[in-house]
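To keep things clear, I will list the structure first and then write my remarks on it.
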Amino acid sequence: MPVDLPEPTPAEREHSDTLAAFIRNEIAANGPLPFSRFMELAMYAPGLGYYSAGKTKFGADGDFITAPELGSLFARCVARAIAPTLRELGPDAQLLELGGGSGAFAVDCLRELAALDALPARYALLEPSADLRQRQHQRLQAQSPEIASRVVWIDRPPEDDWHGVLFANEVLDALPATRFSLRDGEVFEEYVVDAEGGFASIDLPADGFTANAVRHVERDLGHGLADGYRSEVMPQLPYWIQAVCGGLQRGMALFVDYGYARREFYRDDRRDGTLIAMYRHRAHAEVLARVGLQDLTAFVDFSALAEAGTGAGFRMAGLGTQADFLIANGLDEVFAAAYAAAPDEAARYRLAQEVKRLTLPAEMGETFKVMAFER
C-alpha cells in the first residue's frame, strides 16, 4: 500500500543527492550494480551512507526504535543471560558488541553485569560509524563513567583468539542482501541502474555463487520456487560469521533480530521477499529512493544463520522468541525492581509499555528471535 512519507529537509536532500551522485559514478565505471552493492553503499559509504553519516537514526526523532532504546529492561535481561558464561570464563573474559546503536545497550548491560559481579575485562564495540562511535562514547562517559574505562572501540573483529561473549542486536538485518528472482526455472539477480530522476532495478542472470545459494534453499525446502518469485538470500553469511566469530575459542555468541525459519521465510505467498525501507518510523517499499536518509532492512533467515554458525564450528545452544528469552532471563524480577524504584506514575506507565513492546506478539515478542551458539 502507498505510504505518506514526510518530505526531507533541503539539507537532507543535498546530502542524498551527493550520495546518489557517488553511486551513479560507480555505475558509470562498472555497469549495473548488484542490489547488495547498492545497499552497501546506501548504508555504509564512508561519510555518506545511512549509518556512516550524522543523521539521527534511533528513537522518536529517528527512523526506528530498537529494544535497547525503549528502556533498560532488555539489556538487563541479556546481562543476566550472559553473566554465568562471563563468570565461568574468568577475569580475562571479553564482551564484544557488534554495532552499538546509541550506546544505550552498553550502559545498561554493563551496569547490570556490575551488579551481578560479572563485568568483563573488556567491552569491545565493533562500530563502523564514526558518528555513532562519538555518540556512544559521550553516553557512556555521561551515564556510566565508573565502568566506561572498560569500553574500547575496534575497527575489525579481534584477529587473535579470545574468549567471552559476542552480542549482536539488529545487525544481521542490516547486512547487504542479495535479491533474486526465478524466471523459466532459472535464477536471476537484481541489479540497480541509473535512471532519469533516480535509480531503477533490472534482473540479470545470476552468477554461480548466487544461483547455488538459491538452489540450496530449494533443496532444503524440498521444492522449487515458483516462476516470478522474488526474495533475498545471503550467500556471504557463512564468511561473515567466520570473520566476526572465528577467533572466539570459548564462550557464546548471541544474535537477536527479526526473522523466520527458512520454511516461513520462503512461504509461497511471500512472493516479493522481506526487504523494506524505514523512514521516520514508516515502513515502505521505495528502497531505491532517499539514499542515505532511510534504513534498508531485510528479515533474517534463521535457518541460514544456524547453518553458518555450525559451519564455523559452534554448537547451536538455542533458538526462541524474544518474549520467551526475556521471560526466561528474569524479566519479571527486573521489571518489579524497576517498577518499585520508579519515581512517579508516569515512569511506571512507561515501564509497563516497555514490557508490552518487548513481549507482545503484535510488537517485538514473536517476530524477534534469539539464537545462541556456544563453543
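Residue numbers start at 1 in each chain; chains themselves are named A, B, ... in the order of the C-alpha cells; ligands are numbered from 1 in the order shown.
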Residues of segment 131-205 of chain A at most 9 Å from segment 121-126 of chain A: nearest atom pair and distance in Å, only C-alpha atoms, as a tab-separated table:
```
residue	atom	partner	partner_atom	distance
A:Arg133	CA	A:Leu125	CA	8.6
A:Ala148	CA	A:Tyr123	CA	8.9
A:Ser149	CA	A:Arg122	CA	8.7
A:Arg150	CA	A:Arg122	CA	5.0
A:Val151	CA	A:Tyr123	CA	4.6
A:Val152	CA	A:Ala124	CA	4.9
A:Trp153	CA	A:Leu125	CA	4.8
A:Ile154	CA	A:Leu126	CA	5.1
A:Asp155	CA	A:Leu126	CA	6.0
A:Arg156	CA	A:Leu126	CA	6.5
A:Pro157	CA	A:Leu126	CA	7.0
```
- Message: Can you tell me which residues surround segment 76-91 of chain A at a distance of at most 8 Å, considering only C-alpha atoms, apart from same-chain residues fewer than 6 positions away, and format the answer as number ranges by chain?
- Response: A: 108-110, 112-113, 116-121, 163-165, 250-252, 326, 329-331, 334
- Message: Among segment 12-258 of chain A, which ones does DSSP assign to alpha helix (DSSP H) (computed from the backbone)? Answer as a PyMOL selection string.
- Response: chain A and resi 12-30+35-44+67-70+73-89+104-115+130-143+145-148+208-221+237-245
- Which polymer residues have any atom within 8 Å of an atom of segment 189-206 of chain A, counting only C-alpha atoms, with same-chain residues fewer than 3 positions away left out, as JSON, numbers by chain? {"A": [24, 27, 31, 32, 33, 34, 35, 38, 178, 179, 180, 181, 186, 209, 210, 211, 288, 289]}
Output N, CA, C and O atoms of each residue in that selection to a file, as a PDB file, in the first residue's frame.
```pdb
ATOM      1  N   ARG A  24      26.060   6.788  -8.682  1.00  0.00           N
ATOM      2  CA  ARG A  24      25.998   6.869 -10.151  1.00  0.00           C
ATOM      3  C   ARG A  24      27.386   6.777 -10.766  1.00  0.00           C
ATOM      4  O   ARG A  24      27.567   6.170 -11.827  1.00  0.00           O
ATOM      5  N   ILE A  27      28.281   3.194 -10.936  1.00  0.00           N
ATOM      6  CA  ILE A  27      27.543   2.535 -12.018  1.00  0.00           C
ATOM      7  C   ILE A  27      28.167   2.890 -13.363  1.00  0.00           C
ATOM      8  O   ILE A  27      28.325   2.024 -14.242  1.00  0.00           O
ATOM      9  N   GLY A  31      29.203  -0.467 -14.548  1.00  0.00           N
ATOM     10  CA  GLY A  31      27.970  -1.041 -15.056  1.00  0.00           C
ATOM     11  C   GLY A  31      26.965  -1.263 -13.940  1.00  0.00           C
ATOM     12  O   GLY A  31      27.163  -0.810 -12.800  1.00  0.00           O
ATOM     13  N   PRO A  32      25.856  -1.931 -14.237  1.00  0.00           N
ATOM     14  CA  PRO A  32      24.811  -2.159 -13.221  1.00  0.00           C
ATOM     15  C   PRO A  32      25.387  -2.757 -11.941  1.00  0.00           C
ATOM     16  O   PRO A  32      26.251  -3.643 -11.986  1.00  0.00           O
ATOM     17  N   LEU A  33      24.892  -2.267 -10.803  1.00  0.00           N
ATOM     18  CA  LEU A  33      25.377  -2.740  -9.503  1.00  0.00           C
ATOM     19  C   LEU A  33      24.465  -3.834  -8.977  1.00  0.00           C
ATOM     20  O   LEU A  33      23.235  -3.681  -8.985  1.00  0.00           O
ATOM     21  N   PRO A  34      25.013  -4.931  -8.473  1.00  0.00           N
ATOM     22  CA  PRO A  34      24.159  -5.864  -7.730  1.00  0.00           C
ATOM     23  C   PRO A  34      23.449  -5.109  -6.613  1.00  0.00           C
ATOM     24  O   PRO A  34      24.038  -4.209  -6.004  1.00  0.00           O
ATOM     25  N   PHE A  35      22.199  -5.460  -6.347  1.00  0.00           N
ATOM     26  CA  PHE A  35      21.481  -4.740  -5.303  1.00  0.00           C
ATOM     27  C   PHE A  35      22.251  -4.766  -3.985  1.00  0.00           C
ATOM     28  O   PHE A  35      22.227  -3.786  -3.232  1.00  0.00           O
ATOM     29  N   PHE A  38      24.571  -1.915  -4.031  1.00  0.00           N
ATOM     30  CA  PHE A  38      23.818  -0.673  -3.865  1.00  0.00           C
ATOM     31  C   PHE A  38      23.447  -0.477  -2.394  1.00  0.00           C
ATOM     32  O   PHE A  38      23.603   0.620  -1.843  1.00  0.00           O
ATOM     33  N   THR A 178      21.310  -9.960  -1.021  1.00  0.00           N
ATOM     34  CA  THR A 178      21.238 -10.272  -2.442  1.00  0.00           C
ATOM     35  C   THR A 178      19.786 -10.548  -2.807  1.00  0.00           C
ATOM     36  O   THR A 178      19.142 -11.396  -2.190  1.00  0.00           O
ATOM     37  N   ARG A 179      19.273  -9.825  -3.785  1.00  0.00           N
ATOM     38  CA  ARG A 179      17.893 -10.014  -4.247  1.00  0.00           C
ATOM     39  C   ARG A 179      17.917 -10.913  -5.486  1.00  0.00           C
ATOM     40  O   ARG A 179      18.704 -10.705  -6.416  1.00  0.00           O
ATOM     41  N   PHE A 180      17.033 -11.916  -5.508  1.00  0.00           N
ATOM     42  CA  PHE A 180      16.985 -12.834  -6.643  1.00  0.00           C
ATOM     43  C   PHE A 180      15.550 -13.037  -7.085  1.00  0.00           C
ATOM     44  O   PHE A 180      14.592 -12.714  -6.365  1.00  0.00           O
ATOM     45  N   SER A 181      15.397 -13.579  -8.281  1.00  0.00           N
ATOM     46  CA  SER A 181      14.076 -13.960  -8.778  1.00  0.00           C
ATOM     47  C   SER A 181      14.231 -15.193  -9.653  1.00  0.00           C
ATOM     48  O   SER A 181      15.347 -15.552 -10.069  1.00  0.00           O
ATOM     49  N   GLU A 186      15.130 -20.511 -14.120  1.00  0.00           N
ATOM     50  CA  GLU A 186      16.494 -20.022 -13.961  1.00  0.00           C
ATOM     51  C   GLU A 186      16.544 -18.927 -12.894  1.00  0.00           C
ATOM     52  O   GLU A 186      15.566 -18.211 -12.670  1.00  0.00           O
ATOM     53  N   PHE A 209      27.657 -18.240  -7.683  1.00  0.00           N
ATOM     54  CA  PHE A 209      27.625 -18.050  -6.227  1.00  0.00           C
ATOM     55  C   PHE A 209      26.182 -17.846  -5.758  1.00  0.00           C
ATOM     56  O   PHE A 209      25.711 -18.508  -4.828  1.00  0.00           O
ATOM     57  N   THR A 210      25.478 -16.925  -6.412  1.00  0.00           N
ATOM     58  CA  THR A 210      24.096 -16.641  -6.031  1.00  0.00           C
ATOM     59  C   THR A 210      23.176 -17.789  -6.414  1.00  0.00           C
ATOM     60  O   THR A 210      22.298 -18.193  -5.632  1.00  0.00           O
ATOM     61  N   ALA A 211      23.348 -18.327  -7.623  1.00  0.00           N
ATOM     62  CA  ALA A 211      22.484 -19.419  -8.069  1.00  0.00           C
ATOM     63  C   ALA A 211      22.597 -20.629  -7.142  1.00  0.00           C
ATOM     64  O   ALA A 211      21.592 -21.261  -6.795  1.00  0.00           O
ATOM     65  N   LEU A 288      14.912   2.208  -3.393  1.00  0.00           N
ATOM     66  CA  LEU A 288      15.934   2.860  -4.208  1.00  0.00           C
ATOM     67  C   LEU A 288      15.899   4.376  -4.066  1.00  0.00           C
ATOM     68  O   LEU A 288      16.705   5.077  -4.685  1.00  0.00           O
ATOM     69  N   ALA A 289      14.990   4.887  -3.278  1.00  0.00           N
ATOM     70  CA  ALA A 289      14.844   6.333  -3.110  1.00  0.00           C
ATOM     71  C   ALA A 289      15.513   6.794  -1.818  1.00  0.00           C
ATOM     72  O   ALA A 289      15.922   5.983  -0.991  1.00  0.00           O
TER      73      ALA A 289
END
```
- Query: Could you name the residues that touch Ser16 of chain A at 10 Å or less, counting only C-alpha atoms, but leaving out those on the same chain fewer than 2 positions away, as a PyMOL selection string?
  - Reply: chain A and resi 8+10-14+18-22+42+48-50+289-294
- Message: Please list as an MDAnalysis selection string every residue within 12 Å of segment 361-363 of chain A, counting only C-alpha atoms and excluding residues in the same chain fewer than 2 positions away.
- Response: chainID A and resid 65:67 258 321:324 353:359 365:369
File dump, residues just selected, N, CA, C and O atoms, as an mmCIF file, in the first residue's frame:
```cif
data_model
loop_
_atom_site.group_PDB
_atom_site.id
_atom_site.type_symbol
_atom_site.label_atom_id
_atom_site.label_comp_id
_atom_site.auth_asym_id
_atom_site.auth_seq_id
_atom_site.Cartn_x
_atom_site.Cartn_y
_atom_site.Cartn_z
ATOM 1 N N ILE A 65 12.939 2.398 16.352
ATOM 2 C CA ILE A 65 13.301 2.214 17.754
ATOM 3 C C ILE A 65 13.701 0.762 17.966
ATOM 4 O O ILE A 65 12.953 -0.147 17.608
ATOM 5 N N THR A 66 14.881 0.545 18.529
ATOM 6 C CA THR A 66 15.315 -0.809 18.844
ATOM 7 C C THR A 66 15.001 -1.107 20.311
ATOM 8 O O THR A 66 14.710 -0.205 21.094
ATOM 9 N N ALA A 67 15.086 -2.376 20.674
ATOM 10 C CA ALA A 67 14.741 -2.780 22.044
ATOM 11 C C ALA A 67 15.535 -2.015 23.109
ATOM 12 O O ALA A 67 14.962 -1.583 24.112
ATOM 13 N N TYR A 258 14.819 -9.724 13.852
ATOM 14 C CA TYR A 258 13.516 -10.156 13.357
ATOM 15 C C TYR A 258 13.730 -11.064 12.146
ATOM 16 O O TYR A 258 14.609 -10.831 11.322
ATOM 17 N N THR A 321 11.746 -17.174 20.797
ATOM 18 C CA THR A 321 11.249 -15.822 20.589
ATOM 19 C C THR A 321 11.876 -14.878 21.605
ATOM 20 O O THR A 321 12.338 -15.301 22.674
ATOM 21 N N GLN A 322 11.872 -13.608 21.278
ATOM 22 C CA GLN A 322 12.403 -12.625 22.215
ATOM 23 C C GLN A 322 11.619 -12.636 23.520
ATOM 24 O O GLN A 322 12.202 -12.530 24.600
ATOM 25 N N ALA A 323 10.303 -12.791 23.427
ATOM 26 C CA ALA A 323 9.489 -12.810 24.646
ATOM 27 C C ALA A 323 9.909 -13.947 25.560
ATOM 28 O O ALA A 323 10.119 -13.754 26.766
ATOM 29 N N ASP A 324 10.053 -15.148 25.007
ATOM 30 C CA ASP A 324 10.448 -16.298 25.830
ATOM 31 C C ASP A 324 11.838 -16.099 26.424
ATOM 32 O O ASP A 324 12.097 -16.453 27.583
ATOM 33 N N GLN A 353 4.569 -0.091 29.414
ATOM 34 C CA GLN A 353 4.545 -0.025 27.952
ATOM 35 C C GLN A 353 5.796 -0.673 27.357
ATOM 36 O O GLN A 353 5.731 -1.322 26.303
ATOM 37 N N GLU A 354 6.921 -0.535 28.035
ATOM 38 C CA GLU A 354 8.162 -1.153 27.569
ATOM 39 C C GLU A 354 8.031 -2.674 27.548
ATOM 40 O O GLU A 354 8.425 -3.332 26.562
ATOM 41 N N VAL A 355 7.464 -3.239 28.588
ATOM 42 C CA VAL A 355 7.265 -4.692 28.626
ATOM 43 C C VAL A 355 6.354 -5.140 27.486
ATOM 44 O O VAL A 355 6.615 -6.159 26.827
ATOM 45 N N LYS A 356 5.304 -4.387 27.234
ATOM 46 C CA LYS A 356 4.397 -4.744 26.148
ATOM 47 C C LYS A 356 5.114 -4.733 24.801
ATOM 48 O O LYS A 356 4.964 -5.658 23.995
ATOM 49 N N ARG A 357 5.890 -3.671 24.548
ATOM 50 C CA ARG A 357 6.596 -3.588 23.269
ATOM 51 C C ARG A 357 7.584 -4.743 23.106
ATOM 52 O O ARG A 357 7.767 -5.275 22.009
ATOM 53 N N LEU A 358 8.225 -5.142 24.198
ATOM 54 C CA LEU A 358 9.245 -6.189 24.128
ATOM 55 C C LEU A 358 8.662 -7.583 23.974
ATOM 56 O O LEU A 358 9.313 -8.470 23.405
ATOM 57 N N THR A 359 7.441 -7.820 24.472
ATOM 58 C CA THR A 359 6.954 -9.197 24.603
ATOM 59 C C THR A 359 5.668 -9.530 23.855
ATOM 60 O O THR A 359 5.430 -10.706 23.579
ATOM 61 N N GLY A 365 7.598 -9.276 20.440
ATOM 62 C CA GLY A 365 7.702 -10.516 21.200
ATOM 63 C C GLY A 365 7.934 -11.765 20.390
ATOM 64 O O GLY A 365 8.730 -12.626 20.789
ATOM 65 N N GLU A 366 7.243 -11.912 19.253
ATOM 66 C CA GLU A 366 7.366 -13.143 18.469
ATOM 67 C C GLU A 366 8.107 -12.942 17.157
ATOM 68 O O GLU A 366 8.769 -13.866 16.670
ATOM 69 N N THR A 367 7.998 -11.768 16.552
ATOM 70 C CA THR A 367 8.722 -11.526 15.302
ATOM 71 C C THR A 367 10.226 -11.564 15.529
ATOM 72 O O THR A 367 10.985 -12.048 14.691
ATOM 73 N N PHE A 368 10.654 -11.059 16.686
ATOM 74 C CA PHE A 368 12.084 -11.087 17.020
ATOM 75 C C PHE A 368 12.432 -12.431 17.625
ATOM 76 O O PHE A 368 11.722 -12.943 18.492
ATOM 77 N N LYS A 369 13.548 -12.982 17.149
ATOM 78 C CA LYS A 369 14.061 -14.263 17.646
ATOM 79 C C LYS A 369 15.427 -14.064 18.270
ATOM 80 O O LYS A 369 16.133 -13.107 17.965
#
```
Would you list the contacts of Pro6 of chain A as a CSV table (one decimal) with N, CA and C atoms, in the first residue's frame, taking every protein, DNA or RNA residue within 10 Å and counting only C-alpha atoms, but skipping same-chain residues closer than 5 positions in sequence?
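This is the output file result04.csv:
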```
chain,number,residue,atom,x,y,z
A,279,TYR,N,11.7,5.0,7.1
A,279,TYR,CA,11.9,6.4,7.1
A,279,TYR,C,11.0,7.1,8.0
A,280,ARG,N,11.6,7.7,9.1
A,280,ARG,CA,10.8,8.4,10.1
A,280,ARG,C,9.6,7.5,10.6
A,282,ARG,N,8.2,5.0,9.4
A,282,ARG,CA,7.2,4.5,8.4
A,282,ARG,C,7.9,3.5,7.5
```
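Of the listed residues A:Ala285, A:Leu70, A:Ala277, A:Val214, the one whose atoms come nearest to Leu351 of chain A is A:Leu70, with distances taken using only C-alpha atoms.
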- Item | Minimum-distance residue to Arg267 of chain A, chosen among A:Pro235, A:Gly224, A:Gly313, A:Pro128 (using only C-alpha atoms) |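 Among the listed residues, A:Gly224 lies closest to Arg267 of chain A.
Take the candidates A:Gln236, A:Asn169, A:Gln242, A:Thr297 and check each one against Thr310 of chain A using only C-alpha atoms; the shortest distance goes to A:Gln242.
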- Task: Mind giving me the straight-line distance from atom CA of Gly246 of chain A to atom CA of Arg315 of chain A in Å, one decimal?
- Result: 13.2 Å
